[in-house]
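One file, data38.cif, is given below (mmCIF, C-alpha atoms).
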```
data_run
#
loop_
_atom_site.label_atom_id
_atom_site.label_comp_id
_atom_site.auth_asym_id
_atom_site.auth_seq_id
_atom_site.Cartn_x
_atom_site.Cartn_y
_atom_site.Cartn_z
CA MET A 262 12.90 -32.21 2.02
CA ALA A 263 11.84 -28.59 2.40
CA PRO A 264 8.55 -27.65 0.68
CA PRO A 265 8.86 -25.48 -2.42
CA ARG A 266 8.93 -21.71 -2.05
CA ARG A 267 6.38 -19.84 -4.15
CA TYR A 268 6.77 -16.54 -6.00
CA ALA A 269 4.55 -14.01 -7.74
CA LEU A 270 6.15 -11.91 -10.46
CA GLU A 271 4.42 -8.78 -11.74
CA LEU A 272 4.29 -8.51 -15.54
CA PRO A 273 3.42 -5.60 -17.87
CA GLY A 274 -0.29 -4.86 -17.76
CA CYS A 275 -0.39 -5.85 -14.07
CA ALA A 276 -0.68 -9.57 -14.76
CA LEU A 277 0.92 -11.91 -12.22
CA LEU A 278 3.03 -14.96 -13.04
CA HIS A 279 3.33 -17.54 -10.25
CA PHE A 280 6.10 -20.11 -9.98
CA ALA A 281 7.65 -22.37 -7.37
CA VAL A 282 11.25 -23.25 -6.53
CA GLY A 283 11.99 -26.70 -5.11
CA ALA A 284 10.86 -30.25 -5.69
CA GLU A 285 8.17 -30.24 -8.36
CA GLY A 286 4.82 -31.39 -7.04
CA SER A 287 1.31 -32.08 -8.27
CA GLY A 288 0.44 -28.36 -8.30
CA SER A 289 2.32 -27.61 -11.51
CA ALA A 290 0.44 -25.43 -13.99
CA GLY A 291 2.19 -26.97 -17.00
CA PRO A 292 4.71 -25.29 -19.30
CA ASP A 293 4.58 -21.49 -19.43
CA PRO A 294 6.69 -19.80 -22.14
CA ARG A 295 6.61 -16.53 -20.19
CA LEU A 296 8.67 -18.14 -17.43
CA ALA A 297 11.42 -19.24 -19.82
CA ALA A 298 11.46 -15.82 -21.49
CA LEU A 299 11.87 -14.03 -18.14
CA LEU A 300 14.22 -16.42 -16.34
CA GLY A 301 16.13 -18.24 -19.06
CA PRO A 302 18.65 -17.27 -21.73
CA PRO A 303 19.57 -15.10 -23.50
CA GLY A 304 20.69 -12.85 -20.67
CA ARG A 305 20.70 -13.61 -16.95
CA SER A 306 18.00 -13.14 -14.30
CA TYR A 307 18.61 -12.68 -10.58
CA SER A 308 16.23 -12.77 -7.61
CA VAL A 309 16.81 -10.28 -4.77
CA CYS A 310 14.47 -10.84 -1.81
CA VAL A 311 14.38 -9.30 1.65
CA PRO A 312 14.02 -11.71 4.60
CA ALA A 313 10.69 -11.32 6.36
CA GLY A 314 12.35 -11.26 9.80
CA ALA A 315 11.67 -13.47 12.78
CA GLY A 316 7.92 -13.90 12.95
CA GLY A 317 7.48 -10.91 10.64
CA ARG A 318 6.74 -8.66 13.64
CA GLY A 319 7.46 -5.16 14.87
CA GLY A 320 11.00 -4.04 14.31
CA ALA A 321 11.73 -6.89 11.88
CA ARG A 322 8.95 -5.69 9.58
CA VAL A 323 10.15 -2.09 9.72
CA ARG A 324 13.76 -3.03 9.03
CA ALA A 325 12.74 -5.29 6.15
CA ALA A 326 10.59 -2.55 4.61
CA ARG A 327 13.39 0.01 4.81
CA LEU A 328 15.90 -2.44 3.33
CA HIS A 329 13.48 -3.20 0.48
CA GLN A 330 13.13 0.51 -0.27
CA ARG A 331 16.90 1.01 -0.15
CA LEU A 332 17.45 -1.93 -2.49
CA ARG A 333 14.99 -0.51 -5.01
CA GLY A 334 16.98 2.71 -5.12
CA GLN A 335 20.29 0.88 -5.51
CA LEU A 336 18.97 -1.39 -8.28
CA GLN A 337 17.76 1.61 -10.26
CA ARG A 338 21.22 3.19 -10.39
CA PRO A 339 24.32 2.29 -12.42
CA PRO A 340 25.54 -0.32 -13.17
CA PHE A 341 22.00 -1.77 -13.09
CA ARG A 342 20.39 0.87 -15.33
CA GLY A 343 20.57 -1.39 -18.39
CA CYS A 344 18.70 -4.15 -16.55
CA GLU A 345 14.96 -4.78 -16.27
CA LEU A 346 13.60 -4.56 -12.71
CA ARG A 347 10.28 -6.17 -11.74
CA PRO A 348 8.53 -6.61 -8.36
CA LEU A 349 8.90 -10.15 -6.99
CA LEU A 350 6.95 -11.51 -4.02
CA GLY A 351 7.99 -14.66 -2.18
CA TYR A 352 5.29 -16.50 -0.25
CA GLY A 353 4.16 -19.93 0.86
CA PRO A 354 5.29 -22.60 0.96
CA GLY A 355 1.73 -23.94 1.24
CA PRO A 356 -1.14 -23.24 -1.15
CA ASP A 357 -2.39 -20.44 1.15
CA ALA A 358 -0.03 -17.64 2.18
CA GLN A 359 0.34 -17.15 5.93
CA PRO A 360 0.65 -13.74 7.66
CA GLY A 361 4.22 -12.63 8.28
CA GLY A 362 5.82 -15.04 5.83
CA LEU A 363 6.20 -12.76 2.81
CA GLN A 364 9.48 -11.84 1.17
CA HIS A 365 9.31 -8.64 -0.87
CA GLY A 366 11.94 -8.31 -3.54
CA PHE A 367 12.82 -7.91 -7.18
CA LEU A 368 13.63 -9.84 -10.32
CA LEU A 369 16.64 -8.22 -11.98
CA ARG A 370 17.18 -9.26 -15.60
CA ASP A 371 20.43 -8.38 -17.33
CA PRO A 372 19.83 -8.88 -21.08
CA HIS A 373 23.60 -9.00 -21.72
CA ASP A 374 24.63 -11.20 -18.76
CA GLY A 375 27.47 -8.75 -18.06
CA PRO A 376 30.15 -9.26 -15.37
CA ASP A 377 29.53 -5.77 -13.94
CA THR A 378 26.03 -6.79 -12.84
CA ARG A 379 27.31 -9.81 -10.96
CA ARG A 380 30.11 -7.84 -9.27
CA ALA A 381 27.70 -5.07 -8.25
CA LEU A 382 25.27 -7.59 -6.74
CA LEU A 383 28.11 -9.12 -4.72
CA GLU A 384 29.03 -5.68 -3.41
CA LEU A 385 25.41 -5.00 -2.57
CA LEU A 386 25.24 -8.27 -0.64
CA ARG A 387 28.41 -7.48 1.32
CA GLY A 388 27.05 -4.08 2.27
CA CYS A 389 24.12 -5.54 4.24
CA PRO A 390 24.44 -6.85 7.82
CA GLY A 391 24.17 -10.62 8.27
CA PRO A 392 20.65 -11.12 9.71
CA GLU A 393 19.11 -8.64 7.28
CA ARG A 394 21.14 -9.63 4.24
CA PRO A 395 18.92 -10.07 1.17
CA HIS A 396 18.55 -13.51 -0.36
CA LEU A 397 20.23 -13.41 -3.77
CA GLY A 398 19.90 -16.08 -6.39
CA GLU A 399 20.35 -16.54 -10.10
CA PHE A 400 18.38 -18.50 -12.64
CA GLU A 401 19.81 -20.84 -15.25
CA ALA A 402 18.56 -23.30 -17.85
CA ASP A 403 19.77 -26.85 -18.47
CA ALA A 404 20.31 -28.53 -21.84
CA GLN A 405 16.69 -29.74 -21.88
CA GLY A 406 15.33 -26.22 -21.27
CA GLY A 407 14.51 -26.82 -17.60
CA LEU A 408 14.82 -23.81 -15.31
CA TRP A 409 16.76 -23.79 -12.04
CA GLN A 410 17.50 -21.30 -9.26
CA ARG A 411 20.85 -21.26 -7.48
CA LEU A 412 20.98 -19.35 -4.19
CA TRP A 413 24.29 -17.59 -3.66
CA ALA A 414 24.28 -18.56 0.00
CA LEU A 415 24.18 -22.22 -1.10
CA PRO A 416 26.48 -22.38 -4.16
CA ALA A 417 26.70 -26.15 -4.11
CA GLY A 418 23.03 -26.72 -4.78
CA ARG A 419 20.25 -25.60 -7.06
CA ALA A 420 16.48 -26.05 -7.10
CA ARG A 421 13.98 -26.66 -9.86
CA VAL A 422 11.78 -23.78 -11.08
CA TRP A 423 8.29 -24.64 -12.30
CA PRO A 424 5.05 -22.75 -13.02
CA ILE A 425 2.10 -23.02 -10.64
CA PRO A 426 -1.53 -21.86 -10.88
CA GLU A 427 -2.52 -18.50 -9.48
CA PRO A 428 -3.84 -18.97 -5.91
CA PRO A 429 -7.46 -18.00 -5.21
CA LEU A 430 -6.31 -15.17 -2.92
CA HIS A 431 -3.46 -12.77 -3.63
CA PRO A 432 -0.55 -13.83 -1.38
CA VAL A 433 -0.27 -10.41 0.28
CA VAL A 434 -3.92 -10.28 1.43
CA PRO A 435 -3.49 -12.32 4.68
CA ASP A 436 -0.68 -9.92 5.61
CA LEU A 437 -2.50 -6.61 5.01
CA GLN A 438 -3.88 -6.16 8.53
CA GLY A 439 -0.47 -6.69 10.05
CA SER A 440 1.45 -4.43 7.71
CA VAL A 441 -0.45 -1.48 6.23
CA VAL A 442 -4.12 -1.60 7.32
CA PHE A 443 -3.98 -1.54 11.10
CA ARG A 444 -6.70 -3.10 13.23
CA ASP A 445 -6.35 -0.57 16.04
CA ARG A 446 -4.39 2.32 17.48
CA ASP A 447 -1.87 0.13 19.29
CA ALA A 448 -0.89 -1.73 16.12
CA ALA A 449 -0.10 1.51 14.28
CA GLY A 450 1.62 2.95 17.34
CA ALA A 451 3.88 -0.09 17.65
CA VAL A 452 5.22 0.55 14.15
CA LEU A 453 6.03 4.21 14.82
CA GLN A 454 7.64 3.23 18.13
CA GLU A 455 10.16 1.21 16.11
CA CYS A 456 10.97 4.34 14.07
CA VAL A 457 11.82 6.73 16.90
CA SER A 458 15.58 6.14 16.62
CA PHE A 459 15.77 7.29 12.99
CA ILE A 460 12.64 9.50 12.63
CA PRO A 461 12.54 11.91 15.61
CA GLU A 462 9.11 13.15 14.51
CA ALA A 463 7.71 9.67 15.20
CA GLN A 464 8.05 10.29 18.93
CA ALA A 465 6.26 13.62 18.57
CA VAL A 466 3.34 11.89 16.85
CA LEU A 467 3.21 9.20 19.55
CA ASP A 468 3.24 11.84 22.30
CA LEU A 469 0.25 13.58 20.72
CA VAL A 470 -1.64 10.30 20.38
CA ASP A 471 -0.92 9.43 24.02
CA GLN A 472 -2.72 12.62 25.03
CA CYS A 473 -5.93 11.37 23.37
CA PRO A 474 -8.44 9.34 25.40
CA ARG A 475 -8.60 5.64 24.53
CA GLN A 476 -12.37 5.56 24.05
CA VAL A 477 -14.12 8.61 22.63
CA GLN A 478 -17.82 8.99 21.92
CA LYS A 479 -19.46 11.01 19.20
CA GLY A 480 -21.73 13.85 20.29
CA LYS A 481 -25.37 14.28 19.27
CA PHE A 482 -24.56 16.16 16.04
CA PRO A 483 -23.80 14.40 12.73
CA VAL A 484 -20.27 13.54 11.56
CA ILE A 485 -19.92 13.31 7.79
CA ALA A 486 -16.75 12.19 5.97
CA ILE A 487 -16.11 13.21 2.36
CA GLU A 488 -13.83 10.86 0.41
CA GLY A 489 -12.58 10.66 -3.15
CA LEU A 490 -9.55 10.82 -5.40
CA ASP A 491 -7.65 14.07 -5.72
CA ALA A 492 -9.33 16.63 -7.99
CA THR A 493 -12.83 15.25 -7.43
CA GLY A 494 -13.88 18.42 -5.63
CA LYS A 495 -13.43 17.40 -1.99
CA THR A 496 -12.07 20.77 -0.85
CA THR A 497 -14.83 22.76 -2.56
CA VAL A 498 -17.56 20.39 -1.41
CA THR A 499 -16.43 20.13 2.20
CA GLN A 500 -16.17 23.90 2.48
CA SER A 501 -19.62 24.41 0.94
CA ILE A 502 -21.29 21.79 3.14
CA SER A 503 -19.65 23.08 6.31
CA GLU A 504 -20.91 26.58 5.51
CA SER A 505 -24.43 25.33 4.71
CA LEU A 506 -24.65 23.29 7.92
CA SER A 507 -22.65 25.71 10.10
CA ALA A 508 -20.37 22.75 10.72
CA VAL A 509 -16.76 22.45 11.83
CA LEU A 510 -14.47 21.40 8.97
CA MET A 511 -11.61 19.00 9.75
CA GLN A 512 -8.92 17.22 7.75
CA SER A 513 -7.02 13.98 8.21
CA PRO A 514 -4.15 14.06 8.92
CA PRO A 515 -4.85 16.98 11.27
CA GLU A 516 -2.94 20.24 11.35
CA CYS A 517 -0.89 19.23 14.40
CA ILE A 518 1.02 16.61 12.36
CA ARG A 519 0.60 17.81 8.76
CA GLN A 520 3.99 19.53 8.84
CA TRP A 521 5.60 16.06 9.06
CA ARG A 522 3.66 14.58 6.16
CA LYS A 523 6.53 14.92 3.66
CA ILE A 524 8.89 13.12 6.03
CA PHE A 525 6.63 10.09 6.38
CA ASP A 526 5.65 10.10 2.71
CA GLU A 527 9.28 9.27 1.89
CA GLU A 528 9.21 6.17 4.10
CA PRO A 529 8.07 2.62 3.16
CA PRO A 530 4.32 1.87 3.18
CA ILE A 531 4.25 0.28 6.66
CA ILE A 532 5.67 3.46 8.24
CA ARG A 533 3.69 5.83 6.03
CA ARG A 534 0.42 4.08 6.79
CA ALA A 535 1.09 3.96 10.53
CA PHE A 536 1.52 7.76 10.45
CA TYR A 537 -1.76 8.31 8.58
CA SER A 538 -3.59 5.78 10.77
CA LEU A 539 -2.57 7.58 13.96
CA GLY A 540 -3.63 10.84 12.32
CA ASN A 541 -7.16 9.42 12.19
CA TYR A 542 -7.10 8.80 15.95
CA LEU A 543 -5.96 12.37 16.57
CA VAL A 544 -8.84 13.63 14.42
CA ALA A 545 -11.27 11.33 16.25
CA SER A 546 -10.40 12.99 19.54
CA GLU A 547 -11.31 16.39 18.08
CA ILE A 548 -14.48 15.02 16.47
CA ALA A 549 -15.68 13.84 19.89
CA LYS A 550 -15.30 17.35 21.30
CA GLU A 551 -16.76 19.26 18.35
CA SER A 552 -19.73 16.96 17.64
CA ILE A 553 -21.12 17.83 21.06
CA LYS A 554 -21.50 21.45 19.88
CA GLY A 555 -22.44 21.04 16.21
CA PRO A 556 -22.05 19.05 12.96
CA VAL A 557 -18.59 17.97 11.80
CA ILE A 558 -17.45 17.63 8.17
CA LEU A 559 -14.29 15.61 7.45
CA ASP A 560 -12.05 16.01 4.42
CA ARG A 561 -10.86 12.37 4.34
CA TYR A 562 -10.77 9.87 7.18
CA TRP A 563 -10.05 6.17 7.66
CA HIS A 564 -11.41 5.01 4.29
CA SER A 565 -8.72 7.04 2.49
CA THR A 566 -5.98 5.57 4.65
CA ALA A 567 -7.16 2.01 4.00
CA THR A 568 -7.91 2.25 0.28
CA TYR A 569 -4.55 3.74 -0.65
CA ALA A 570 -2.78 1.16 1.50
CA ILE A 571 -4.61 -1.76 -0.12
CA ALA A 572 -4.13 -0.46 -3.68
CA THR A 573 -0.41 0.11 -3.08
CA GLU A 574 0.33 -3.20 -1.38
CA VAL A 575 -1.69 -5.55 -3.60
CA SER A 576 0.24 -5.98 -6.85
CA GLY A 577 -1.45 -6.82 -10.12
CA GLY A 578 -4.82 -5.54 -11.28
CA VAL A 579 -8.25 -4.85 -9.80
CA GLN A 580 -9.06 -8.57 -9.90
CA HIS A 581 -6.33 -9.21 -7.31
CA LEU A 582 -7.90 -7.05 -4.59
CA PRO A 583 -9.28 -8.78 -1.48
CA PRO A 584 -12.79 -10.12 -2.10
CA ALA A 585 -15.90 -8.30 -0.94
CA HIS A 586 -16.63 -8.53 2.80
CA HIS A 587 -13.00 -9.28 3.64
CA PRO A 588 -12.05 -8.05 7.18
CA VAL A 589 -9.60 -5.55 5.68
CA TYR A 590 -12.59 -3.47 4.52
CA GLN A 591 -14.05 -3.24 8.04
CA TRP A 592 -13.79 -0.13 10.21
CA PRO A 593 -11.26 -0.36 13.11
CA ARG A 594 -12.92 -1.42 16.33
CA ASP A 595 -11.49 1.44 18.43
CA LEU A 596 -11.89 4.39 16.02
CA LEU A 597 -14.81 6.84 16.25
CA LYS A 598 -17.14 6.10 13.34
CA PRO A 599 -18.80 8.77 11.14
CA ASP A 600 -22.56 8.79 10.57
CA LEU A 601 -22.19 9.07 6.81
CA VAL A 602 -19.38 8.62 4.26
CA LEU A 603 -19.74 10.18 0.80
CA LEU A 604 -17.46 9.21 -2.09
CA LEU A 605 -17.08 11.90 -4.76
CA THR A 606 -16.42 10.67 -8.30
CA VAL A 607 -15.77 12.33 -11.65
CA SER A 608 -14.78 10.92 -15.04
CA PRO A 609 -11.05 10.33 -15.66
CA GLU A 610 -11.08 13.07 -18.31
CA GLU A 611 -12.68 15.61 -15.97
CA ARG A 612 -10.29 14.71 -13.20
CA ALA A 613 -7.24 15.10 -15.47
CA GLN A 614 -8.45 18.53 -16.55
CA ARG A 615 -8.92 19.64 -12.94
CA LEU A 616 -5.45 18.37 -12.00
CA GLN A 617 -3.86 20.42 -14.77
CA SER A 618 -5.56 23.58 -13.58
CA ARG A 619 -4.59 23.03 -9.93
CA GLY A 620 -0.81 23.09 -10.33
CA LEU A 621 -0.32 21.96 -6.70
CA GLU A 622 2.54 19.87 -5.33
CA LYS A 623 1.67 16.17 -5.36
CA THR A 624 2.47 13.42 -2.87
CA ARG A 625 4.00 10.20 -4.19
CA GLU A 626 0.60 8.50 -4.24
CA GLU A 627 -1.12 11.46 -5.92
CA ALA A 628 1.49 11.29 -8.69
CA GLU A 629 0.91 7.53 -8.95
CA LEU A 630 -2.84 8.11 -9.27
CA GLU A 631 -2.25 10.48 -12.16
CA ALA A 632 0.26 8.26 -13.99
CA ASN A 633 -1.06 4.75 -13.31
CA SER A 634 -4.63 3.98 -14.37
CA ILE A 635 -4.54 0.50 -12.80
CA PHE A 636 -3.57 1.94 -9.42
CA ARG A 637 -6.37 4.50 -9.77
CA GLN A 638 -8.88 1.74 -10.53
CA LYS A 639 -7.74 -0.25 -7.49
CA VAL A 640 -8.22 2.78 -5.23
CA GLN A 641 -11.70 3.43 -6.64
CA LYS A 642 -12.71 -0.22 -6.30
CA SER A 643 -11.40 -0.42 -2.73
CA TYR A 644 -13.48 2.61 -1.76
CA ARG A 645 -16.61 0.88 -3.06
CA LEU A 646 -15.83 -2.31 -1.11
CA MET A 647 -15.59 -0.54 2.26
CA GLU A 648 -18.19 -1.58 4.82
CA ASN A 649 -19.55 -0.54 8.18
CA PRO A 650 -19.87 2.23 7.11
CA ASN A 651 -19.88 1.91 3.35
CA CYS A 652 -19.40 4.82 0.94
CA LEU A 653 -22.35 6.47 -0.79
CA VAL A 654 -21.21 7.42 -4.30
CA VAL A 655 -21.88 10.99 -5.47
CA ASP A 656 -21.27 12.17 -9.04
CA ALA A 657 -19.32 15.40 -8.55
CA SER A 658 -19.22 16.32 -12.27
CA PRO A 659 -22.20 18.77 -12.30
CA SER A 660 -21.98 22.34 -11.05
CA ARG A 661 -20.99 23.14 -7.50
CA GLU A 662 -24.58 24.11 -6.64
CA GLU A 663 -26.03 20.87 -8.01
CA VAL A 664 -23.52 18.72 -6.16
CA LEU A 665 -24.12 20.63 -2.95
CA GLN A 666 -27.88 20.21 -3.16
CA LYS A 667 -27.54 16.48 -3.87
CA ILE A 668 -25.27 16.00 -0.86
CA LEU A 669 -27.53 18.00 1.43
CA GLN A 670 -30.41 15.80 0.31
CA LEU A 671 -28.42 12.65 1.06
CA ILE A 672 -27.60 13.99 4.53
CA GLN A 673 -31.25 14.78 5.17
CA ASN A 674 -32.40 11.37 3.91
CA SER A 675 -29.88 9.64 6.19
CA GLY A 676 -31.58 11.17 9.21
CA ASN A 677 -28.62 13.37 10.16
#
```
Entire entry expressed as C-alpha cells:
Amino acid sequence: MAPPRRYALELPGCALLHFAVGAEGSGSAGPDPRLAALLGPPGRSYSVCVPAGAGGRGGARVRAARLHQRLRGQLQRPPFRGCELRPLLGYGPGPDAQPGGLQHGFLLRDPHDGPDTRRALLELLRGCPGPERPHLGEFEADAQGGLWQRLWALPAGRARVWPIPEPPLHPVVPDLQGSVVFRDRDAAGAVLQECVSFIPEAQAVLDLVDQCPRQVQKGKFPVIAIEGLDATGKTTVTQSISESLSAVLMQSPPECIRQWRKIFDEEPPIIRRAFYSLGNYLVASEIAKESIKGPVILDRYWHSTATYAIATEVSGGVQHLPPAHHPVYQWPRDLLKPDLVLLLTVSPEERAQRLQSRGLEKTREEAELEANSIFRQKVQKSYRLMENPNCLVVDASPSREEVLQKILQLIQNSGN
C-alpha cells in the first residue's frame, strides 16, 4: 500500500492546515472542523496540483513552475471567478519533506457545486500535455462525515482524508536551495539555460556571465552593501556614502541586464531568482576590479535576492520561515563577499508615507510588500537571520545627516 500523501493548505491570516490522503495512520491530529468546512459540503472542493517532474531537476522544475503560473491565471478567470482559490502544497509522504518532491497547486472551492466548474476543469486537463498534466481530484464526504479524495485519473478508487499535525519544518524549506536560493553560479545558470528557447534574453544573460572569471578576489578597499525594503532610504544613503567616501556606487542587478528586469519579473520564482542571482555574479566581477582602486558601495546584493526568495516561497507566517542558522541563510561559496552589510529600517508608517511621495513604478514584489504585511514581516525577519556576513541594522528614520553620520561611524568601527 502506498504511503499517504501530505498537503499544506494556506488559510486566511497565513495559518497552515495540514492533512494527509491515504490510509490513516498513527500520525492523525484528531478531528479538525476547518478541514470539513473547506473540503466537505455544501459546495465542492477540487485539488489541482502540478507534478514535480522526474527527480524535480532542471527542465522539469522550470516546466512545472511555468505550468503552475499558467494554471493560476486560468483559475482566476471565468468560469472560476465565483470559486475560492487557495494555495495548496503537496509533500511527503514521510514526516520530513524531501528535496524535489513538492507538488505546488491549488484548492479550488465552488460554493455552488456547479456543472460549469467541472466542465471547465476537464477542458483545462485536456489542454495540458500528458507528462505535465496536472493532478486533479475532488473531495467528497460520506454519510458518517468522513472526507475522501477521488483522483480523476483513477475514477474507480478514492482515498481517505485526515488531519495531521504541522511538521516541525515547513515542507518547502528542504527544497529552497534547489529552487529559488541557489548555492552557486552554476545552479542559477542551469535554470536560465532551460529558458533559452522561450526567453531569448536568458542567453544574453548567460553570455555576459560566461565572460566573468570564475574566482574573483576583492581588492584592498572596503566593499559595503546597503540593504532594506523599498522606501527605507537606500538610494539617498548609498549616494551620500559614496560621495563621502569617494566610492564607486553599484547596483544589483547591474545596468548591463537591468533592461530585462521586467521580462524576468513576469516569470515564476525559480526563473526570476536565477536572473537576480546571476546579476550578483556580474556585479561581483565589477566589484573585484573597482575595489582595487577605491571603496565600493552596493545598492542591494545577495541578501536581497535571498530574502525575497525565501519570503515568497515559504507560505504561511513568520513562524514558518527556516530556523536560525539554516544553510539557506549562508552566503554562496563562490560569490565575492562584502566587508560590511547594513540593513536600513524605518517604521511601517514612515515607509508608507515615503512610498506615496515616490510615485514610482513598482515590481510585483514591491507591490506585494506594500499590500501584504505578513510578506513584509517575512522579508524583514529573513534579513535579520542572514549570516556570514550578517546584517547590521540601522534606523533610517532620522534626518539624512544623522543617518549618514551613524553609517560612517559603523564603517569606521568595522575597521574598513
Which residues come within 8 Å of Leu490 in chain A, counting only C-alpha atoms, excluding same-chain residues fewer than 6 positions away, as an NGL selection string? :A and (605-606 or 641)
Interatomic distance, CA of Glu527 in chain A to CA of Gln330 in chain A (Å, one decimal):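 Value for the CA of Glu527 in chain A-CA of Gln330 in chain A distance: 9.8 Å.
Once the PyMOL selection byres ((chain A and resi 548-563) around 6) is applied to this file, the selection holds Gln478, Lys479, Gly480, Lys481, Phe482, Pro483, Val484, Ile485, Ala486, Ile487, Glu488, Ala508, Val509, Leu510, Met511, Gln512, Ser513, Ala545, Ser546, Glu547, His564, Ser565 and Thr566 of chain A.
Once the PyMOL selection byres ((chain A and resi 518-522) around 9) is applied to the depicted file, the selected set reads Glu462, Ala465, Val466, Leu469, Ser513, Pro514, Pro515, Glu516, Cys517, Lys523, Ile524, Phe525, Asp526, Glu527, Arg533, Phe536, Tyr537 and Gly540 of chain A.
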Writing out the chosen residues with C-alpha atoms as a PDB file, keeping the file's coordinate frame:
```
ATOM      1  CA  GLU A 462       9.110  13.150  14.510  1.00  0.00           C
ATOM      2  CA  ALA A 465       6.260  13.620  18.570  1.00  0.00           C
ATOM      3  CA  VAL A 466       3.340  11.890  16.850  1.00  0.00           C
ATOM      4  CA  LEU A 469       0.250  13.580  20.720  1.00  0.00           C
ATOM      5  CA  SER A 513      -7.020  13.980   8.210  1.00  0.00           C
ATOM      6  CA  PRO A 514      -4.150  14.060   8.920  1.00  0.00           C
ATOM      7  CA  PRO A 515      -4.850  16.980  11.270  1.00  0.00           C
ATOM      8  CA  GLU A 516      -2.940  20.240  11.350  1.00  0.00           C
ATOM      9  CA  CYS A 517      -0.890  19.230  14.400  1.00  0.00           C
ATOM     10  CA  LYS A 523       6.530  14.920   3.660  1.00  0.00           C
ATOM     11  CA  ILE A 524       8.890  13.120   6.030  1.00  0.00           C
ATOM     12  CA  PHE A 525       6.630  10.090   6.380  1.00  0.00           C
ATOM     13  CA  ASP A 526       5.650  10.100   2.710  1.00  0.00           C
ATOM     14  CA  GLU A 527       9.280   9.270   1.890  1.00  0.00           C
ATOM     15  CA  ARG A 533       3.690   5.830   6.030  1.00  0.00           C
ATOM     16  CA  PHE A 536       1.520   7.760  10.450  1.00  0.00           C
ATOM     17  CA  TYR A 537      -1.760   8.310   8.580  1.00  0.00           C
ATOM     18  CA  GLY A 540      -3.630  10.840  12.320  1.00  0.00           C
TER      19      GLY A 540
END
```
Here is a test: counting all atoms listed in the file, which residue of A:Pro609, A:Gly320, A:Gly304, A:Pro424 is nearest to Ala284 in chain A?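 The answer is A:Pro424, which sits nearest to Ala284 in chain A.
Comparing the minimum interatomic distances between Pro339 in chain A and each of A:Ala572, A:Ala313, A:Ala321, A:Leu382, counting only C-alpha atoms, we find that A:Leu382 sits nearest.
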Check the smallest atom-to-atom distance from each of A:Val602, A:His431, A:Pro340, A:Pro650 to Arg380 in chain A using only C-alpha atoms, then report the winner.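 For Arg380 in chain A, the nearest of the candidates is A:Pro340.
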Do you have the CA of Gln614 in chain A-CA of Thr493 in chain A distance handy?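 Value for the CA of Gln614 in chain A-CA of Thr493 in chain A distance: 10.6 Å.
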Using all atoms listed in the file: which of A:His581, A:His365, A:Lys495, A:Arg305 has the shortest distance to Arg327 in chain A: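 Nearest to Arg327 in chain A: A:His365.
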Taking only C-alpha atoms into account, which of A:Gly343, A:Gly391, A:Pro294, A:Gly353 comes nearest Gly406 in chain A? A:Pro294
Apply the PyMOL selection byres ((chain A and resi 297) around 12) to the file shown and report the selected residues as a JSON list (two decimals) with C-alpha atoms, in the coordinates of the input.
```json
[["chain", "number", "residue", "atom", "x", "y", "z"],
["A", 278, "LEU", "CA", 3.03, -14.96, -13.04],
["A", 280, "PHE", "CA", 6.10, -20.11, -9.98],
["A", 292, "PRO", "CA", 4.71, -25.29, -19.30],
["A", 293, "ASP", "CA", 4.58, -21.49, -19.43],
["A", 294, "PRO", "CA", 6.69, -19.80, -22.14],
["A", 295, "ARG", "CA", 6.61, -16.53, -20.19],
["A", 296, "LEU", "CA", 8.67, -18.14, -17.43],
["A", 298, "ALA", "CA", 11.46, -15.82, -21.49],
["A", 299, "LEU", "CA", 11.87, -14.03, -18.14],
["A", 300, "LEU", "CA", 14.22, -16.42, -16.34],
["A", 301, "GLY", "CA", 16.13, -18.24, -19.06],
["A", 302, "PRO", "CA", 18.65, -17.27, -21.73],
["A", 303, "PRO", "CA", 19.57, -15.10, -23.50],
["A", 304, "GLY", "CA", 20.69, -12.85, -20.67],
["A", 305, "ARG", "CA", 20.70, -13.61, -16.95],
["A", 306, "SER", "CA", 18.00, -13.14, -14.30],
["A", 400, "PHE", "CA", 18.38, -18.50, -12.64],
["A", 401, "GLU", "CA", 19.81, -20.84, -15.25],
["A", 402, "ALA", "CA", 18.56, -23.30, -17.85],
["A", 403, "ASP", "CA", 19.77, -26.85, -18.47],
["A", 405, "GLN", "CA", 16.69, -29.74, -21.88],
["A", 406, "GLY", "CA", 15.33, -26.22, -21.27],
["A", 407, "GLY", "CA", 14.51, -26.82, -17.60],
["A", 408, "LEU", "CA", 14.82, -23.81, -15.31],
["A", 409, "TRP", "CA", 16.76, -23.79, -12.04],
["A", 422, "VAL", "CA", 11.78, -23.78, -11.08],
["A", 423, "TRP", "CA", 8.29, -24.64, -12.30],
["A", 424, "PRO", "CA", 5.05, -22.75, -13.02]]
```
What's the separation between CA of Gly418 in chain A and CA of Leu336 in chain A, in Å to one decimal place?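 Atom-to-atom, CA of Gly418 in chain A to CA of Leu336 in chain A, that is 25.9 Å.
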Near range 443-449 of chain A, within 8 Å and counting only C-alpha atoms, which residues show up once chain neighbours fewer than 2 positions away are dropped, as a PyMOL selection string? chain A and resi 438-441+451-453+534-536+538-539+542+593-596
Write out the residues from the selection above, keeping C-alpha atoms, as a PDB file, in the coordinates of the input.
```pdb
ATOM      1  CA  GLN A 438      -3.880  -6.160   8.530  1.00  0.00           C
ATOM      2  CA  GLY A 439      -0.470  -6.690  10.050  1.00  0.00           C
ATOM      3  CA  SER A 440       1.450  -4.430   7.710  1.00  0.00           C
ATOM      4  CA  VAL A 441      -0.450  -1.480   6.230  1.00  0.00           C
ATOM      5  CA  ALA A 451       3.880  -0.090  17.650  1.00  0.00           C
ATOM      6  CA  VAL A 452       5.220   0.550  14.150  1.00  0.00           C
ATOM      7  CA  LEU A 453       6.030   4.210  14.820  1.00  0.00           C
ATOM      8  CA  ARG A 534       0.420   4.080   6.790  1.00  0.00           C
ATOM      9  CA  ALA A 535       1.090   3.960  10.530  1.00  0.00           C
ATOM     10  CA  PHE A 536       1.520   7.760  10.450  1.00  0.00           C
ATOM     11  CA  SER A 538      -3.590   5.780  10.770  1.00  0.00           C
ATOM     12  CA  LEU A 539      -2.570   7.580  13.960  1.00  0.00           C
ATOM     13  CA  TYR A 542      -7.100   8.800  15.950  1.00  0.00           C
ATOM     14  CA  PRO A 593     -11.260  -0.360  13.110  1.00  0.00           C
ATOM     15  CA  ARG A 594     -12.920  -1.420  16.330  1.00  0.00           C
ATOM     16  CA  ASP A 595     -11.490   1.440  18.430  1.00  0.00           C
ATOM     17  CA  LEU A 596     -11.890   4.390  16.020  1.00  0.00           C
TER      18      LEU A 596
END
```
